[in-house]
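Visitor: This is coords_15.txt, which holds compact mmCIF, C-alpha atoms and all ligand atoms:
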```txt
# COMPACT_ATOMS: atom_id res chain seq x y z
CA MET A 1 0.00 0.00 0.00
CA ASN A 2 1.25 3.45 -0.86
CA ILE A 3 0.32 6.05 1.72
CA VAL A 4 0.24 9.54 0.26
CA ALA A 5 0.19 12.84 2.11
CA SER A 6 -2.82 15.09 1.55
CA GLU A 7 -2.64 17.71 -1.20
CA LYS A 8 -2.57 20.40 1.52
CA LEU A 9 0.42 18.83 3.20
CA GLN A 10 2.17 18.37 -0.12
CA LYS A 11 1.75 22.11 -0.77
CA MET A 12 3.72 22.90 2.39
CA SER A 13 7.42 23.41 1.87
CA SER A 14 9.82 20.93 3.47
CA SER A 15 11.17 21.84 6.87
CA ILE A 16 14.45 23.59 6.32
CA PHE A 17 15.03 23.31 10.05
CA GLN A 18 15.21 19.53 9.64
CA GLU A 19 17.56 19.85 6.68
CA VAL A 20 19.88 22.06 8.73
CA ALA A 21 19.70 19.60 11.65
CA ASP A 22 20.64 16.73 9.30
CA GLN A 23 23.56 18.73 7.90
CA LYS A 24 24.67 19.47 11.45
CA GLN A 25 24.61 15.74 12.32
CA LYS A 26 26.73 15.03 9.25
CA ALA A 27 29.27 17.65 10.32
CA LEU A 28 29.37 16.22 13.86
CA LYS A 29 29.99 12.73 12.45
CA ASN A 30 32.89 14.19 10.49
CA GLY A 31 34.39 15.34 13.78
CA ILE A 32 33.58 19.04 13.31
CA ASP A 33 32.89 21.09 16.46
CA VAL A 34 29.51 22.59 15.56
CA ILE A 35 28.34 25.94 16.95
CA ASP A 36 24.60 25.61 16.59
CA LEU A 37 22.93 28.97 16.00
CA SER A 38 20.00 27.56 14.07
CA VAL A 39 16.95 26.90 16.24
CA GLY A 40 15.54 29.66 18.45
CA SER A 41 15.30 27.55 21.58
CA PRO A 42 16.70 29.50 24.57
CA ASP A 43 19.82 28.00 26.14
CA PHE A 44 19.16 29.97 29.34
CA ALA A 45 17.31 28.22 32.18
CA PRO A 46 14.00 29.39 33.66
CA PRO A 47 14.30 31.23 36.99
CA ALA A 48 14.87 28.79 39.88
CA PHE A 49 11.66 29.87 41.65
CA VAL A 50 9.65 28.84 38.58
CA VAL A 51 11.23 25.38 38.51
CA GLU A 52 10.55 25.05 42.24
CA ALA A 53 6.87 25.90 41.70
CA LEU A 54 6.69 23.30 38.94
CA ALA A 55 8.37 20.65 41.12
CA GLU A 56 6.11 21.37 44.08
CA ALA A 57 2.94 21.15 41.99
CA ALA A 58 4.21 17.98 40.31
CA MET A 59 4.30 16.28 43.76
CA ASP A 60 0.53 16.68 44.05
CA ARG A 61 -0.77 13.37 42.74
CA SER A 62 -4.30 14.71 42.42
CA LYS A 63 -3.25 17.05 39.59
CA TYR A 64 -2.51 14.60 36.81
CA GLY A 65 -5.86 14.74 35.05
CA TYR A 66 -6.93 16.70 31.98
CA THR A 67 -7.13 20.41 32.68
CA LEU A 68 -9.23 21.16 29.55
CA LYS A 69 -8.45 24.87 29.66
CA GLY A 70 -6.48 27.38 31.69
CA ILE A 71 -7.28 27.56 35.41
CA PRO A 72 -8.77 30.98 36.31
CA GLU A 73 -5.63 31.84 38.28
CA PHE A 74 -3.60 31.61 35.06
CA ASP A 75 -5.91 34.01 33.21
CA GLU A 76 -5.64 36.41 36.16
CA ALA A 77 -1.84 36.13 36.10
CA VAL A 78 -1.76 37.02 32.39
CA SER A 79 -4.05 39.95 33.03
CA TYR A 80 -1.72 41.14 35.84
CA PHE A 81 1.36 40.70 33.62
CA TYR A 82 -0.18 42.68 30.75
CA LYS A 83 -1.16 45.52 33.06
CA GLN A 84 2.28 45.66 34.68
CA ARG A 85 4.40 45.24 31.56
CA TYR A 86 2.37 46.87 28.77
CA GLY A 87 -0.27 48.97 30.52
CA VAL A 88 -3.07 46.89 28.99
CA GLU A 89 -6.30 46.10 30.90
CA LEU A 90 -7.66 42.63 30.18
CA ASN A 91 -10.74 40.93 31.56
CA PRO A 92 -9.31 37.59 32.67
CA ALA A 93 -12.66 35.87 32.26
CA SER A 94 -13.15 36.73 28.60
CA GLU A 95 -10.07 38.39 27.13
CA VAL A 96 -7.40 35.81 28.02
CA MET A 97 -7.09 32.29 26.67
CA GLN A 98 -4.46 29.70 27.46
CA LEU A 99 -2.58 27.96 24.65
CA MET A 100 -0.14 25.06 24.44
CA GLY A 101 2.54 27.50 23.37
CA SER A 102 1.67 30.32 21.01
CA GLN A 103 2.37 27.91 18.13
CA ASP A 104 -0.87 26.16 19.10
CA GLY A 105 -2.86 29.32 18.46
CA LEU A 106 -0.87 30.28 15.37
CA ALA A 107 -1.44 26.86 13.85
CA HIS A 108 -5.16 26.78 14.59
CA LEU A 109 -6.54 30.30 14.23
CA ALA A 110 -6.78 30.18 10.42
CA MET A 111 -8.56 26.82 10.66
CA ALA A 112 -11.09 28.42 13.00
CA VAL A 113 -11.89 31.53 10.93
CA ILE A 114 -11.00 30.83 7.28
CA ASN A 115 -13.23 29.35 4.58
CA PRO A 116 -11.90 28.08 1.24
CA GLY A 117 -11.19 31.05 -1.01
CA ASP A 118 -10.63 33.52 1.83
CA TYR A 119 -7.37 35.44 1.84
CA VAL A 120 -4.93 35.87 4.69
CA LEU A 121 -2.32 38.65 4.65
CA VAL A 122 0.99 37.15 5.72
CA PRO A 123 4.38 38.86 6.17
CA ASP A 124 7.19 37.85 3.80
CA PRO A 125 9.62 37.03 5.30
CA GLY A 126 7.69 35.60 8.22
CA TYR A 127 7.67 32.84 10.80
CA PRO A 128 6.84 29.65 8.82
CA ILE A 129 3.64 28.59 10.66
CA TYR A 130 1.87 31.75 9.44
CA GLU A 131 1.82 30.45 5.87
CA ALA A 132 1.51 26.81 6.83
CA SER A 133 -1.59 27.47 8.94
CA VAL A 134 -3.35 29.12 6.00
CA THR A 135 -2.44 26.22 3.71
CA ILE A 136 -3.81 23.73 6.24
CA ALA A 137 -7.01 25.78 6.51
CA GLY A 138 -7.43 25.84 2.71
CA GLY A 139 -7.14 29.63 2.47
CA ASN A 140 -5.20 31.81 0.05
CA ILE A 141 -2.01 33.56 1.07
CA TYR A 142 -1.34 37.17 0.14
CA PRO A 143 2.29 37.91 1.05
CA MET A 144 3.00 41.38 2.46
CA PRO A 145 6.60 42.28 1.60
CA LEU A 146 8.68 43.45 4.56
CA LEU A 147 11.40 45.57 2.97
CA GLU A 148 14.30 47.32 4.59
CA GLU A 149 13.46 50.58 2.81
CA ASN A 150 10.03 50.53 4.50
CA ARG A 151 11.50 49.80 7.96
CA PHE A 152 10.20 46.23 7.45
CA LEU A 153 6.58 47.44 7.77
CA PRO A 154 3.99 46.25 5.21
CA GLN A 155 2.62 48.90 2.86
CA LEU A 156 -1.07 48.43 3.55
CA ASP A 157 -2.19 50.88 0.84
CA GLU A 158 -0.50 48.72 -1.81
CA ILE A 159 -2.70 45.69 -1.18
CA PRO A 160 -5.21 45.40 -4.06
CA LEU A 161 -8.86 46.01 -3.20
CA VAL A 162 -9.91 42.75 -4.89
CA VAL A 163 -7.75 40.92 -2.38
CA LEU A 164 -8.98 42.96 0.57
CA GLU A 165 -12.58 42.18 -0.31
CA LYS A 166 -11.82 38.50 0.28
CA THR A 167 -9.43 38.97 3.21
CA LYS A 168 -10.47 37.62 6.61
CA LEU A 169 -7.24 37.67 8.58
CA MET A 170 -3.97 39.57 8.74
CA ILE A 171 -0.85 38.37 10.56
CA ILE A 172 1.80 40.75 11.86
CA SER A 173 4.63 40.42 14.38
CA TYR A 174 6.73 43.20 15.92
CA PRO A 175 9.36 42.39 16.98
CA GLY A 176 9.28 39.40 14.68
CA ASN A 177 11.16 36.37 13.55
CA PRO A 178 13.23 36.42 11.39
CA VAL A 179 12.79 40.16 10.83
CA THR A 180 13.64 41.69 14.19
CA ALA A 181 12.23 45.15 13.48
CA LEU A 182 9.96 47.03 15.87
CA ALA A 183 6.77 48.82 14.93
CA ASP A 184 5.87 52.22 16.31
CA ARG A 185 2.52 53.11 17.77
CA SER A 186 1.44 54.96 14.62
CA PHE A 187 1.84 51.79 12.54
CA PHE A 188 -0.39 49.86 14.95
CA GLU A 189 -2.94 52.70 14.78
CA GLU A 190 -2.88 52.45 10.99
CA VAL A 191 -3.48 48.69 11.29
CA VAL A 192 -6.52 49.27 13.51
CA ARG A 193 -8.02 51.77 11.00
CA PHE A 194 -7.26 49.44 8.08
CA ALA A 195 -8.72 46.39 9.83
CA LYS A 196 -11.91 48.24 10.76
CA LYS A 197 -12.36 49.61 7.25
CA HIS A 198 -11.91 46.22 5.56
CA GLU A 199 -13.32 44.03 8.36
CA ILE A 200 -10.17 42.02 8.82
CA LEU A 201 -9.23 40.19 12.00
CA VAL A 202 -5.67 41.04 13.09
CA LEU A 203 -3.34 38.51 14.70
CA HIS A 204 -0.33 40.13 16.35
CA ASP A 205 2.40 37.68 17.35
CA PHE A 206 4.23 39.19 20.35
CA ALA A 207 6.34 36.17 21.30
CA TYR A 208 9.46 38.34 21.75
CA SER A 209 7.77 41.04 23.85
CA GLU A 210 10.41 40.77 26.58
CA LEU A 211 13.48 40.66 24.34
CA ILE A 212 13.51 44.31 23.29
CA PHE A 213 16.88 46.07 23.46
CA ASP A 214 18.42 49.50 23.91
CA ASN A 215 15.49 50.70 26.04
CA ASN A 216 13.15 50.67 23.05
CA PRO A 217 9.49 50.73 24.13
CA GLN A 218 7.62 47.42 24.44
CA ILE A 219 4.41 48.17 22.57
CA SER A 220 1.62 45.65 22.81
CA PHE A 221 -0.81 45.89 19.89
CA MET A 222 -3.52 45.66 22.55
CA SER A 223 -2.40 48.99 24.02
CA VAL A 224 -3.59 50.82 20.90
CA PRO A 225 -7.14 52.19 21.07
CA GLY A 226 -9.55 50.02 19.10
CA ALA A 227 -7.19 47.03 18.87
CA LYS A 228 -9.45 44.80 20.95
CA GLU A 229 -12.25 45.43 18.47
CA VAL A 230 -10.24 44.06 15.58
CA GLY A 231 -7.60 41.75 16.91
CA ILE A 232 -5.90 39.34 19.20
CA GLU A 233 -2.31 39.09 20.37
CA PHE A 234 -0.38 35.88 20.98
CA ASN A 235 2.29 35.65 23.61
CA SER A 236 4.20 32.95 25.36
CA LEU A 237 6.38 31.94 28.28
CA SER A 238 8.80 30.17 25.93
CA LYS A 239 11.25 33.00 25.29
CA THR A 240 10.25 35.31 28.14
CA PHE A 241 10.90 32.78 30.90
CA ASN A 242 12.89 30.12 28.98
CA MET A 243 10.02 27.65 29.27
CA ALA A 244 9.91 26.63 25.59
CA GLY A 245 9.67 22.92 26.41
CA CYS A 246 6.77 23.47 28.81
CA ARG A 247 4.47 24.42 25.93
CA ILE A 248 2.49 27.19 27.55
CA GLY A 249 1.36 30.44 25.98
CA TYR A 250 -1.76 32.53 25.60
CA ALA A 251 -3.89 34.74 23.40
CA VAL A 252 -5.45 38.00 24.57
CA GLY A 253 -7.86 40.52 23.11
CA ASN A 254 -11.05 40.23 21.10
CA GLU A 255 -13.54 38.06 23.01
CA GLN A 256 -15.37 36.77 19.98
CA ALA A 257 -12.20 35.68 18.19
CA LEU A 258 -10.92 33.97 21.34
CA ALA A 259 -14.22 32.12 21.79
CA ILE A 260 -14.03 30.84 18.20
CA LEU A 261 -10.47 29.64 18.70
CA ALA A 262 -11.45 28.04 22.03
CA SER A 263 -14.29 26.24 20.32
CA LEU A 264 -11.93 24.68 17.77
CA LYS A 265 -9.40 23.80 20.45
CA SER A 266 -12.05 22.05 22.53
CA HIS A 267 -12.08 19.42 19.77
CA ILE A 268 -8.31 19.13 19.61
CA ASP A 269 -6.64 19.10 23.02
CA TYR A 270 -7.34 18.70 26.71
CA GLY A 271 -5.28 21.46 28.22
CA VAL A 272 -1.85 22.09 29.70
CA PHE A 273 -0.46 19.95 32.58
CA TYR A 274 -1.48 21.60 35.87
CA PRO A 275 2.05 21.94 37.36
CA ILE A 276 3.13 23.80 34.22
CA GLN A 277 0.22 26.21 34.68
CA LYS A 278 1.28 26.76 38.30
CA ALA A 279 4.88 27.42 37.22
CA ALA A 280 3.63 29.89 34.59
CA ILE A 281 1.52 31.73 37.18
CA THR A 282 4.57 32.04 39.43
CA ALA A 283 6.61 33.43 36.53
CA LEU A 284 3.98 35.92 35.36
CA THR A 285 3.42 37.33 38.84
CA SER A 286 7.09 37.56 39.84
CA ASP A 287 8.97 40.82 40.33
CA PHE A 288 10.39 40.90 36.75
CA SER A 289 14.00 41.51 37.81
CA PHE A 290 14.76 38.27 35.96
CA LEU A 291 13.49 39.84 32.73
CA GLN A 292 15.74 42.85 33.10
CA SER A 293 18.88 40.79 33.58
CA GLN A 294 17.97 38.43 30.77
CA VAL A 295 17.46 41.20 28.22
CA ARG A 296 20.93 42.54 29.09
CA GLU A 297 22.43 39.08 28.47
CA TYR A 298 20.89 38.90 25.00
CA GLU A 299 21.94 42.47 24.25
CA LYS A 300 25.51 41.55 25.16
CA ARG A 301 25.40 38.48 22.91
CA ARG A 302 24.03 40.53 20.04
CA ASP A 303 26.83 43.09 20.43
CA VAL A 304 29.52 40.40 20.59
CA LEU A 305 28.29 38.75 17.39
CA ILE A 306 27.78 41.97 15.43
CA SER A 307 31.13 43.44 16.43
CA GLY A 308 32.84 40.11 15.62
CA LEU A 309 31.30 40.11 12.16
CA SER A 310 32.10 43.76 11.53
CA LYS A 311 35.79 43.25 12.47
CA GLY A 312 36.08 41.18 9.33
CA GLY A 313 34.31 43.85 7.29
CA TRP A 314 30.82 42.32 7.34
CA GLN A 315 28.65 45.20 8.51
CA THR A 316 25.27 44.08 9.79
CA ALA A 317 22.48 46.05 11.37
CA LYS A 318 22.02 45.68 15.13
CA SER A 319 18.82 43.80 15.94
CA PRO A 320 16.62 46.07 18.05
CA ALA A 321 14.96 43.02 19.59
CA THR A 322 14.53 39.21 19.71
CA MET A 323 17.10 36.43 19.97
CA PHE A 324 18.08 36.65 16.30
CA VAL A 325 20.30 38.57 13.95
CA TRP A 326 18.93 38.79 10.42
CA VAL A 327 21.93 39.21 8.20
CA LYS A 328 22.19 40.10 4.54
CA ILE A 329 24.76 37.74 3.00
CA PRO A 330 27.39 38.90 0.51
CA SER A 331 26.25 38.90 -3.13
CA GLY A 332 27.03 35.84 -5.22
CA TRP A 333 25.56 33.41 -2.70
CA THR A 334 22.14 31.86 -2.30
CA SER A 335 21.00 31.63 1.31
CA ARG A 336 20.97 27.84 1.23
CA ARG A 337 24.41 27.42 -0.33
CA PHE A 338 25.82 29.90 2.19
CA ALA A 339 24.22 28.13 5.17
CA PHE A 340 25.08 24.59 4.12
CA GLU A 341 28.68 25.34 3.12
CA LEU A 342 29.14 27.24 6.37
CA ILE A 343 28.15 24.16 8.39
CA ASP A 344 30.25 21.81 6.25
CA SER A 345 33.42 23.84 6.29
CA LYS A 346 33.30 25.83 9.56
CA GLY A 347 30.74 24.06 11.70
CA VAL A 348 28.51 27.11 12.21
CA ALA A 349 24.82 26.27 11.83
CA VAL A 350 22.45 29.08 10.80
CA ILE A 351 19.08 29.10 9.02
CA PRO A 352 18.90 30.14 5.34
CA GLY A 353 16.60 33.12 4.91
CA ASP A 354 14.44 31.56 2.20
CA ALA A 355 12.99 29.27 4.89
CA PHE A 356 10.90 32.31 5.88
CA GLY A 357 9.55 33.26 2.46
CA LYS A 358 10.68 34.41 -0.97
CA LEU A 359 12.00 37.71 0.32
CA GLY A 360 14.22 35.92 2.82
CA GLU A 361 16.52 34.95 -0.04
CA GLY A 362 19.83 36.74 0.36
CA TYR A 363 19.71 36.59 4.17
CA VAL A 364 20.55 34.14 6.93
CA ARG A 365 19.15 34.07 10.45
CA ILE A 366 21.59 33.65 13.30
CA ALA A 367 20.16 32.74 16.70
CA LEU A 368 21.82 34.13 19.84
CA VAL A 369 21.47 30.82 21.67
CA GLN A 370 25.08 30.24 22.71
CA PRO A 371 27.26 32.00 25.28
CA SER A 372 29.17 35.11 24.15
CA GLU A 373 32.49 33.26 23.80
CA ARG A 374 30.94 30.80 21.35
CA LEU A 375 29.29 33.63 19.42
CA SER A 376 32.61 35.39 19.19
CA GLU A 377 34.21 32.21 17.89
CA ALA A 378 31.34 31.75 15.42
CA ALA A 379 31.95 35.28 14.10
CA GLU A 380 35.65 34.47 13.61
CA ARG A 381 34.82 31.26 11.77
CA ILE A 382 32.34 33.12 9.54
CA GLN A 383 35.01 35.68 8.68
CA GLU A 384 37.43 32.90 7.79
CA PHE A 385 34.74 31.32 5.66
CA LEU A 386 34.12 34.58 3.80
CA ARG A 387 37.83 35.12 3.18
CA GLU A 388 38.33 31.60 1.88
CA THR A 389 35.28 31.56 -0.36
CA GLN A 390 35.27 35.09 -1.74
CA VAL A 391 33.14 34.99 -4.91
C1 LIG A 401 7.72 34.58 16.10
C2 LIG A 401 7.38 33.34 16.86
N1 LIG A 401 6.12 33.15 17.23
C3 LIG A 401 5.76 32.07 17.91
C4 LIG A 401 6.67 31.09 18.24
C5 LIG A 401 6.19 29.87 18.94
O1 LIG A 401 6.58 29.84 20.25
P1 LIG A 401 5.86 28.97 21.37
O2 LIG A 401 4.91 28.05 20.68
O3 LIG A 401 6.94 28.23 22.04
O4 LIG A 401 5.14 29.93 22.23
C6 LIG A 401 8.00 31.25 17.88
C7 LIG A 401 8.99 30.21 18.22
O5 LIG A 401 10.13 30.25 17.87
C8 LIG A 401 8.38 32.41 17.17
O6 LIG A 401 9.63 32.62 16.78
```
Could I get this structure in the form of C-alpha cells?
Guide:
Amino acid sequence: MNIVASEKLQKMSSSIFQEVADQKQKALKNGIDVIDLSVGSPDFAPPAFVVEALAEAAMDRSKYGYTLKGIPEFDEAVSYFYKQRYGVELNPASEVMQLMGSQDGLAHLAMAVINPGDYVLVPDPGYPIYEASVTIAGGNIYPMPLLEENRFLPQLDEIPLVVLEKTKLMIISYPGNPVTALADRSFFEEVVRFAKKHEILVLHDFAYSELIFDNNPQISFMSVPGAKEVGIEFNSLSKTFNMAGCRIGYAVGNEQALAILASLKSHIDYGVFYPIQKAAITALTSDFSFLQSQVREYEKRRDVLISGLSKGGWQTAKSPATMFVWVKIPSGWTSRRFAFELIDSKGVAVIPGDAFGKLGEGYVRIALVQPSERLSEAAERIQEFLRETQV
C-alpha cells in the first residue's frame, strides 16, 4: 500500500530546520565542532523559583488529570502581567485564553476563521507557521513584503482592493522572527483603521515582547485604542521565561475571536499539565527583575556577534529586539548554499533566509542561543569562511 500525504500537506514546503539539523549531524559525524545557532530555543534556564513551583505542583498526585483549559488563576496572572508590563487592561474571564505554546494558536486560528477562497495577509519574510496554517485551513495567502526601505513594515495601501474584499485575517509580528524590526505606535494605529475599514481580523504575534533592546518601548498591539475590536495578540512563556519545552502560551484581546479559537481547540486538546500552569503563574506574577537581567544578556550576545562580524568587514544592522540577527549575506551566494557550506566547512549552523519566504533569499538568520564566547568564535569562523570563499 502506498500512503500519500494530503494535497494540503504536499503544498507545504519541506522543513528547512530539519535539513539544517541533518547537515549538522553530518558535520558532527565528520568530527567538526559545531556551533549551533540555528533553532531559536533558549539555552538559558528558567528562573529557579519557577522550577521550584513546577516541582512542588508535580508532587501533588491529584493534579494529573486533563485540565481542559487554563485555570482561572492563570488568566488572572496574564491579566496582571499585561497591566504591569504593557499597561493593557484585560478581563481575565473573557479576554485571556491559554494555549499550548503560542504555536498552538498560530497553527489553529486560520482553521477556525477561514473558509476556502478567503485570503490571509501574511508577512514575507515571516515565521513559517503563518503560511503553513493558512495552507492547512485551505485559504489563500497574500504575502505582504517586509522591505528594509520601508523599515520592514507592510505597505497596507499597496494591497489590491480585490484581495482585501476577500481577506479575513492579517498576521503581523513586531518584533518578529526572522525580521527583528519594531513597529511604532502609529503603525499599529494604521493597522486598527485598516482592519476596521476592511473588516479584517488582526493577529499580532508578540512572542518576543520581553526581548527588546536598547530601552526601546515594548508596545503591545492591545495597548492601541480600538485594537481589541479588531484583533488578538499571541504571547508565550517560551522566550520570556525560557520555558519553551513546557508548551504554555496565551492569546489575549477580542472576546469573539478567542471564543471561536477556544471552540476549535475544545475538539483538539485537553489542556496544559497543571504543574506547568502553576509554574507559569509564578513566573507571570514575579517581580520581573529576571526579565531585566535576561534582556541585558541577550543584548551583550548581540553586540559580541555583530562586532565580531564587523571586524572582518561584514557590517550588519544591530537587531533592536529578539534572539536573532537577520543578516544580509554577501552577493554571489544563495542563502541555502551559504548556510550549508558554512556548516560543512566551519561548523557554524544558521538558518537560510528563504525558509521564511521568498523575500528571505539573500539573508541568513543567526540565533543568539550560545554564550558570548561561542558567538565570538562563530563570528571568527564566519570571517574565515568569507575570506576563503570570496566569490
Ligand atoms: C515569532 C514566533 N512566534 C511564535 C513562536 C512559537 O513559540 P511557542 O509556541 O513556544 O510559544 C516562535 C517560536 O520560535 C516564534 O519565533
Visitor: Please determine, counting only C-alpha atoms, which residue among A:Glu56, A:Glu210, A:Glu158, A:Glu148 has the shortest atom-to-atom distance to A:Ala181.
Guide: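 Using only C-alpha atoms, A:Ala181 sits closest to A:Glu148.
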Visitor: Rank nothing, just name the residue among A:Leu106, A:Leu68, A:Ala379, A:Ala77 nearest to A:Lys311, using all atoms listed in the file.
Guide: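 Smallest distance to A:Lys311 is found for A:Ala379.
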Visitor: Given 5 Å of margin on each side, can you work out the centre and size in Å (one decimal) of an axis-aligned box holding every listed atom of ligand LIG 401 (chain A), as AutoDock Vina command-line options?
Guide:
```
--center_x 7.5 --center_y 31.3 --center_z 19.2 --size_x 15.2 --size_y 16.5 --size_z 16.1
```
Visitor: How close does each residue of chain A get to ligand LIG 401 (chain A), giving the shortest atom pair and distance in Å to one decimal for every residue with an atom at most 6 Å away, counting all atoms listed in the file, sorted by chain and residue number, as a tab-separated table?
Guide:
```
residue	atom	partner	partner_atom	distance
A:Gly40	CA	A:LIG401	O5	5.5
A:Gly101	CA	A:LIG401	O2	3.6
A:Ser102	CA	A:LIG401	O4	3.7
A:Gln103	CA	A:LIG401	O2	3.6
A:Tyr127	CA	A:LIG401	C1	5.6
A:Gly176	CA	A:LIG401	C1	5.3
A:Asn177	CA	A:LIG401	C1	4.6
A:Asp205	CA	A:LIG401	N1	5.9
A:Ala207	CA	A:LIG401	N1	5.1
A:Ser236	CA	A:LIG401	O4	4.4
A:Ser238	CA	A:LIG401	O3	4.7
A:Ala244	CA	A:LIG401	O3	4.9
A:Arg247	CA	A:LIG401	O3	6.0
A:Gly249	CA	A:LIG401	O4	5.3
```
Visitor: For a quick check of understanding, using only C-alpha atoms, which of A:Lys278, A:Arg296, A:His198, A:Lys228 has the smallest distance to A:Leu90?
Guide: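 Closest to A:Leu90 of all the choices is A:Lys228.
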Visitor: List the spatial neighbours of stretch 320-322 of chain A as a PyMOL selection string - criterion: any atom at most 7 Å away, all atoms listed in the file, same-chain residues fewer than 2 positions off excluded.
Guide: chain A and resi 175+180-181+208+211-213+318+324
Visitor: From the options A:Met59, A:Met144, A:Leu201, A:Tyr250, which residue's atoms come nearest to A:Ile114, counting all atoms listed in the file?
Guide: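 Closest residue, counting all atoms listed in the file: A:Leu201.
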Visitor: Can you measure atom CA of A:Val78 to atom CA of A:Val122 for me? One decimal in Å is fine.
Guide: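 So the two atoms, atom CA of A:Val78 and atom CA of A:Val122, lie 26.8 Å apart.
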Visitor: Kindly indicate which residue among A:Ser345, A:Asn242, A:Asn254, A:Ser6 lies nearest to A:Ile32, using only C-alpha atoms for the distances.
Guide: A:Ser345
Visitor: May I ask which of the residues A:Ala110, A:Val134, A:Leu146, A:Met1 is the closest one to A:Lys358, counting all atoms listed in the file?
Guide: A:Leu146
Visitor: Atom CA of A:Leu359 and atom CA of A:Ala137 are how many Å apart?
Guide: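 According to the coordinates, atom CA of A:Leu359 and atom CA of A:Ala137 are separated by 23.3 Å.
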Visitor: Go ahead and compute the interatomic distance for atom CA of A:Ile129 and atom CA of A:Val348, in Å to one decimal.
Guide: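 Computing it gives 25.0 Å between the two atoms.
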Visitor: Please provide as a PyMOL selection string all residues within 8 Å of stretch 382-391 of chain A, with the sequence filter that same-chain residues fewer than 3 positions apart are discarded (counting all atoms listed in the file).
Guide: chain A and resi 309+312+314+332+342+345-346+348+378-379
Visitor: Determine, counting only C-alpha atoms, which protein, DNA and RNA residues have an atom within 12 Å of an atom of A:Leu28; residues of the same chain fewer than 3 positions away are not included. Present the result as a PyMOL selection string.
Guide: chain A and resi 21-25+31-36+343-349
Visitor: Write out as a tab-separated table a residue-level contact list of stretch 71-146 of chain A versus stretch 272-276 of chain A with cut-off 12 Å: for each qualifying residue the closest pair of atoms and the distance in Å to one decimal, counting all atoms listed in the file, rows sorted by chain and residue number upward.
Guide:
```
residue	atom	partner	partner_atom	distance
A:Ile71	CA	A:Tyr274	CA	8.3
A:Pro72	CA	A:Tyr274	CA	11.9
A:Glu73	CA	A:Tyr274	CA	11.3
A:Phe74	CA	A:Tyr274	CA	10.3
A:Met97	CA	A:Val272	CA	11.9
A:Gln98	CA	A:Val272	CA	8.4
A:Leu99	CA	A:Val272	CA	7.8
A:Met100	CA	A:Val272	CA	6.3
A:Gly101	CA	A:Val272	CA	9.4
A:Asp104	CA	A:Val272	CA	11.4
```
Visitor: Keeping C-alpha atoms, export the residues of the selection given above as a PDB file, keeping the file's coordinate frame.
Guide:
```pdb
ATOM      1  CA  ILE A  71      -7.280  27.560  35.410  1.00  0.00           C
ATOM      2  CA  PRO A  72      -8.770  30.980  36.310  1.00  0.00           C
ATOM      3  CA  GLU A  73      -5.630  31.840  38.280  1.00  0.00           C
ATOM      4  CA  PHE A  74      -3.600  31.610  35.060  1.00  0.00           C
ATOM      5  CA  MET A  97      -7.090  32.290  26.670  1.00  0.00           C
ATOM      6  CA  GLN A  98      -4.460  29.700  27.460  1.00  0.00           C
ATOM      7  CA  LEU A  99      -2.580  27.960  24.650  1.00  0.00           C
ATOM      8  CA  MET A 100      -0.140  25.060  24.440  1.00  0.00           C
ATOM      9  CA  GLY A 101       2.540  27.500  23.370  1.00  0.00           C
ATOM     10  CA  ASP A 104      -0.870  26.160  19.100  1.00  0.00           C
TER      11      ASP A 104
END
```
Visitor: Hey, what's within 12 Å of A:Val327 if we count all atoms listed in the file and toss same-chain stuff fewer than 4 positions away? As an NGL selection string, please?
Guide: :A and (148 or 178-180 or 305-306 or 309-310 or 314-319 or 335 or 338-339 or 350-353 or 360-367)
Visitor: List the neighbours of A:Leu258 out to 8 Å using all atoms listed in the file; skip same-chain residues closer than 6 positions along the sequence, and give me the result as a CSV table (one decimal) with C-alpha atoms, in the coordinates of the input.
Guide:
```
chain,number,residue,atom,x,y,z
A,95,GLU,CA,-10.1,38.4,27.1
A,96,VAL,CA,-7.4,35.8,28.0
A,97,MET,CA,-7.1,32.3,26.7
A,232,ILE,CA,-5.9,39.3,19.2
A,251,ALA,CA,-3.9,34.7,23.4
A,252,VAL,CA,-5.4,38.0,24.6
```
